[in-house]
Structure formats: C-alpha cells, structure tokens
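Encoded as structure tokens, the structure appears first; notes follow it.
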Amino acid sequence: MINKRLLVKNLLAHNDESSFYDKKRQLNLHSREGKAKFLKHICALSNSNPGNNSYIVVGVEDQDNEILGDDFFDDSRIQNLVNAYLENPPKIQYENVPFPHLPKDKVVGLVTINPSSGLSYFKKGIHVISANTIFVRRGSNTIPVDDVSEVTRLLTTQNMETVLSIENSSRNSIADTLDGVVDFLNNRHKDMNPKYKVFKELFVICWAGVPKRVRDHVYLSRVDIELINEQVKLFYSALDEVIITFDDDSFTIIEYLPLGLNDKTSYYPLEKLTISFRENGYYKIYREMLFQPPMYNRKMLFHIYNHMLSMLDKLAKEIQLTERESRDMANLPSTMMICYLNGFEDAKQKLADAKPLLKNFDRQVYVSFKEAMRILRKMKYDVSA
C-alpha cells in the first residue's frame, strides 16, 4: 500500500519535472484554457509512459518545490473530462494528500495517470488545441508531434525502473499509520470529537466533525475524513453537513447541502460515497449522486438573480455596497447556484468569473464561493464550457 504523502515527497526529490511527472501550483478547470492545459499534460504523460504510472503534483511552487497546497478537490468525474476530449483516454485518479504544516483546508493534489497501451490524442479541439493533436513529454517539456512514427520511437520503457523504485520507497509502514492516527486524534482535531475505525485488520479511517442537530437528524459539520494508510483526505467541507455510517466491511458518507432563499433553509441529500473494503487488501469507492435541486418561482428568481448581478457589477466598478447589499453578499454564491439549477444557464459562468471579486471582498464569502463551485462540479462536469 502506497503512502501518498511519501510518494509526493519522493517525486519532488527526484531532480526536476521529467517525462513521468509534472508539478503545478494549481489547476484551473473553470475555463477552457485551464481545461486545455490540463488535458495536454494528461495526453503527453500517458503517451510517454505506456508501461508505468505517471503523475501530476498540484500545490507546489515550481521554482523551489515549496509545498504551499491547494483547495480540496473531490471531483471524481474529472475522468469524464478526459474521456470527452481524448481518444484512448488513460484512467486517471485525483487524490487529496494532507501535509502537517498546511492549513486544514489545504492539501496537495496528486493526479495518477495509469498506463495505457493506446496512443492518446485529441479527438476534438479545445481552446487553441486542434483535433487530432498528439502530445508527448521530452524531459520536462510537453510538446506536440505531427508524426505517429515519431511518437512510437519515443515510447520506451526507460521510466519503468525509476517509477517502480520511487513507488516502492513510498510503501506505507505500521509506524506511518500509527503516527497518522495519533496526529489526527491528538493534534489536528482534538477539539472536534475525533474517531477512528479499523477495517479488515488493515485499513484505518479517521474522522472528525462538530455535531449539529436539525429537527430529527444529527449532522456533522466542518468534517474531515482521512484514509490514514494512504495519507489521503477522503472528504473535507467547511460548510456542508454529512451523516456517517459504517459496518465491518464498509464506510458510508452521505453529504447534505443546505439550500434556501430568504433565510428558509432545508437540507438536501447531495451524494452518497461508500468505501468497500476487501479481505485481499484492496478497497473500492462507489459514488451515487442523490441531489434533486429545489425549484422556485422563476419570476421571483429573475429579480433575485438581477440583484446578485447588480452587486457583482458594483464590486467590479469599485462602487460602495449598501448595508443590505453587504449582508446579501453572504448568500450570493449559494443563490447563484440555485439560479443555475433553476435554468439560469449563465449563472454558473458568471459566478466563476466573479472569483477575484469575491476573494477580495470577504474571506467567508470566498469560502462559500469555493464550496458552491465544488458542488456544481460534483453534479455535472461541464465539458462544453
């Protein structure tokens, strides 16, 4: 079992970026340009490593390898984006890796690109990348190539021994697991009623959260859940509420989304995540989207939507908000999300475009913005945006 924190450290310690790994300060999948850059690197790394895993490390300063972290990113449907644009798409996995020195809301993202025997290329264009474009890695550079025979010459097994050595040196130990459990329980979450559960005498899950009773249900808020053996953060949310259940074979998280207008909030089940543990030392994650968005009167929403746009316009023009508008800003991200779910198709992009405005306006509003975008990604990966 690979300890992903050790793997990240070992990748960063291996000289600089290479033909089997890349590093990024952050990913920007809100725009076509950001998606195109991400897909370009997936294509190149897959083509250059047909016999071994390749990796992208997210949240690292390019010049000096300083680990600064990035936001928790739980979009399992990122594979859909790869499938939509690449022919012979490799299987990829995005994992969130916590580091002790980072704030609770920051992690290092680890993208694992599994070996693929087929040649990957763009089956349709995006941003400035044309259909049928092929990318490969030469050292730390991602480059396009025109001739398939040139790609064939580059596809060697030269990285297999190096990657295998790095992965083997990243194997988890009992000491790593015990240290992780003690750190989670006694240091990082000692004020949040932390718990742990051992599955199949091998896997350890730790979780913590603040209990919150709403009518007949007890939810956990400010939830942090980690698979300690692999040093992977399974769930993190600053705002949403969850209910956790488990038995001897599985651990289940149901995420609930508080939504409403005019201070009338209800809790809607968003997604069910079940981790099933096997006797052979493997586990599998199953996800089921449960969300049915609340529907509101369109005429009422039209006025609310225009009010939200008016406030964003004021922020863009650096016009002072009224006292009421300043209060309404707290609900802007969730309100824009409600508008999008009720048929206001441009609300999602307008919210994404407002990121720098909200970031400069207020930290809590910006946290709400990131949560809204995280939830919208979970519902449907907009590959046409």
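Just remember, in the structure tokens the first chain shown is A, the second B, etc., residues are 1-based per chain, and ligands are 1-based in the order shown.
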Selection: 10 Å around stretch 302-308 of chain A, only C-alpha atoms, excl. self and same-chain fewer than 3 positions, as a PyMOL selection string: chain A and resi 261+297-299+311-313+325+328-329+331-333+335-336+338-340+344+347+351
Surrounding residues of A:Gln79 excluding itself and chain neighbours under 3 positions, 9 Å, only C-alpha atoms, as a PyMOL selection string: chain A and resi 75-76+82-84+89-93
All strand (DSSP E) positions in stretch 111-332 of chain A, as number ranges by chain: A: 111-113, 121-122, 134-138, 141-145, 195-199, 203-214, 217-227, 232-236, 241-246, 250-261, 264-277, 283-289
Alpha helix (DSSP H) positions in stretch 101-345 of chain A, given as an NGL selection string: :A and (148-154 or 160-168 or 174-183 or 298-316 or 323-328 or 332-341)
Among the residues A:Tyr286, A:Tyr366, A:Tyr296, A:Phe135, the one that comes closest to A:Phe251 [using only C-alpha atoms]: A:Tyr286
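With only C-alpha atoms as the atoms that count, the residue of A:Val57, A:Leu86, A:Ile319, A:Ile253 with the shortest distance to A:Val223 is A:Ile253.
The residue that comes closest to A:Arg32, out of A:Leu220, A:Val107, A:Ile129, A:Leu227 and on the basis of only C-alpha atoms, is A:Ile129.
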Atom-to-atom span, atom CA of A:Ile166 and atom CA of A:Asn49, Å: 14.8 Å
A:Gln231 surroundings by only C-alpha atoms, 8 Å radius, close-in-sequence under 4 positions cut, as a count of residues only: 8
For stretch 211-273 of chain A versus stretch 182-206 of chain A, which residues have an atom no more than 7 Å away, and what is each residue's nearest atom pair and distance in Å rounded to one decimal, using only C-alpha atoms, chain-then-number order, as a tab-separated table?
```
residue	atom	partner	partner_atom	distance
A:Ile225	CA	A:Cys206	CA	5.8
A:Glu226	CA	A:Cys206	CA	5.4
A:Leu227	CA	A:Ile205	CA	4.7
A:Ile228	CA	A:Val204	CA	5.7
A:Asn229	CA	A:Phe203	CA	6.3
A:Asp248	CA	A:Phe199	CA	6.3
A:Asp249	CA	A:Phe199	CA	6.6
```
Do you know which residues are at most 12 Å from A:Asn168 counting only C-alpha atoms, after dropping those on the same chain fewer than 6 positions away, and could you put them as a tab-separated table (two decimals) with all heavy atoms, in the first residue's frame?
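Generated output (selection_9.tsv):
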```tsv
chain	number	residue	atom	x	y	z
A	1	MET	N	0.85	-1.19	0.00
A	1	MET	CA	0.00	0.00	0.00
A	1	MET	C	0.88	1.25	0.00
A	1	MET	O	1.78	1.38	0.82
A	1	MET	CB	-0.91	0.00	1.24
A	1	MET	CG	-1.99	1.05	1.22
A	1	MET	SD	-3.07	0.94	2.66
A	1	MET	CE	-3.74	-0.71	2.43
A	2	ILE	N	0.63	2.15	-0.94
A	2	ILE	CA	1.49	3.33	-1.09
A	2	ILE	C	0.99	4.47	-0.20
A	2	ILE	O	-0.19	4.80	-0.19
A	2	ILE	CB	1.54	3.78	-2.55
A	2	ILE	CG1	2.25	2.72	-3.41
A	2	ILE	CG2	2.25	5.12	-2.69
A	2	ILE	CD1	2.34	3.08	-4.86
A	3	ASN	N	1.91	5.04	0.56
A	3	ASN	CA	1.63	6.24	1.35
A	3	ASN	C	1.80	7.44	0.40
A	3	ASN	O	2.90	7.75	-0.03
A	3	ASN	CB	2.62	6.32	2.52
A	3	ASN	CG	2.36	7.50	3.43
A	3	ASN	OD1	2.21	8.62	2.97
A	3	ASN	ND2	2.34	7.23	4.72
A	4	LYS	N	0.69	8.10	0.09
A	4	LYS	CA	0.72	9.14	-0.95
A	4	LYS	C	1.53	10.37	-0.54
A	4	LYS	O	2.07	11.07	-1.39
A	4	LYS	CB	-0.71	9.53	-1.33
A	4	LYS	CG	-1.55	8.35	-1.85
A	4	LYS	CD	-0.91	7.69	-3.05
A	4	LYS	CE	-1.58	6.38	-3.46
A	4	LYS	NZ	-2.99	6.49	-3.80
A	6	LEU	N	4.34	10.21	1.21
A	6	LEU	CA	5.72	9.83	0.89
A	6	LEU	C	5.96	9.85	-0.61
A	6	LEU	O	7.03	10.25	-1.08
A	6	LEU	CB	6.02	8.43	1.44
A	6	LEU	CG	6.19	8.29	2.96
A	6	LEU	CD1	6.39	6.82	3.34
A	6	LEU	CD2	7.36	9.13	3.45
A	7	LEU	N	4.96	9.43	-1.37
A	7	LEU	CA	5.11	9.42	-2.82
A	7	LEU	C	5.33	10.83	-3.36
A	7	LEU	O	6.19	11.06	-4.21
A	7	LEU	CB	3.87	8.79	-3.47
A	7	LEU	CG	3.83	8.76	-5.00
A	7	LEU	CD1	5.02	7.98	-5.56
A	7	LEU	CD2	2.52	8.16	-5.50
A	10	ASN	N	8.84	11.91	-2.53
A	10	ASN	CA	9.84	11.22	-3.35
A	10	ASN	C	9.83	11.71	-4.80
A	10	ASN	O	10.88	11.78	-5.45
A	10	ASN	CB	9.61	9.72	-3.30
A	10	ASN	CG	9.99	9.12	-1.95
A	10	ASN	OD1	10.86	9.65	-1.26
A	10	ASN	ND2	9.34	8.03	-1.58
A	11	LEU	N	8.65	12.04	-5.31
A	11	LEU	CA	8.58	12.62	-6.66
A	11	LEU	C	9.28	13.96	-6.71
A	11	LEU	O	10.06	14.25	-7.64
A	11	LEU	CB	7.12	12.76	-7.10
A	11	LEU	CG	6.38	11.48	-7.49
A	11	LEU	CD1	4.89	11.76	-7.66
A	11	LEU	CD2	6.95	10.90	-8.78
A	161	GLU	N	11.75	1.41	-14.42
A	161	GLU	CA	12.54	1.08	-13.23
A	161	GLU	C	12.57	2.25	-12.25
A	161	GLU	O	12.48	2.06	-11.03
A	161	GLU	CB	13.95	0.69	-13.63
A	161	GLU	CG	14.04	-0.66	-14.34
A	161	GLU	CD	15.48	-1.08	-14.56
A	161	GLU	OE1	16.39	-0.38	-14.07
A	161	GLU	OE2	15.70	-2.10	-15.24
A	162	THR	N	12.68	3.47	-12.78
A	162	THR	CA	12.73	4.65	-11.91
A	162	THR	C	11.42	4.83	-11.15
A	162	THR	O	11.43	5.05	-9.93
A	162	THR	CB	13.02	5.92	-12.74
A	162	THR	OG1	14.24	5.75	-13.45
A	162	THR	CG2	13.11	7.13	-11.84
```
One-decimal distance in Å that lies between atom CA of A:Val60 and atom CA of A:Lys23: 6.6 Å
Residue neighbourhood A:Ile243, 12 Å, only C-alpha atoms, exclusion window fewer than 5 positions, as a PyMOL selection string: chain A and resi 207-214+217-223+225+251-257+267+269-274
Residues within 12 Å of A:Ser120, only C-alpha atoms, excluding chain neighbours under 2 positions, as number ranges by chain: A: 39-50, 82-83, 85-91, 115-118, 122-123, 131-136, 144, 148, 151-152
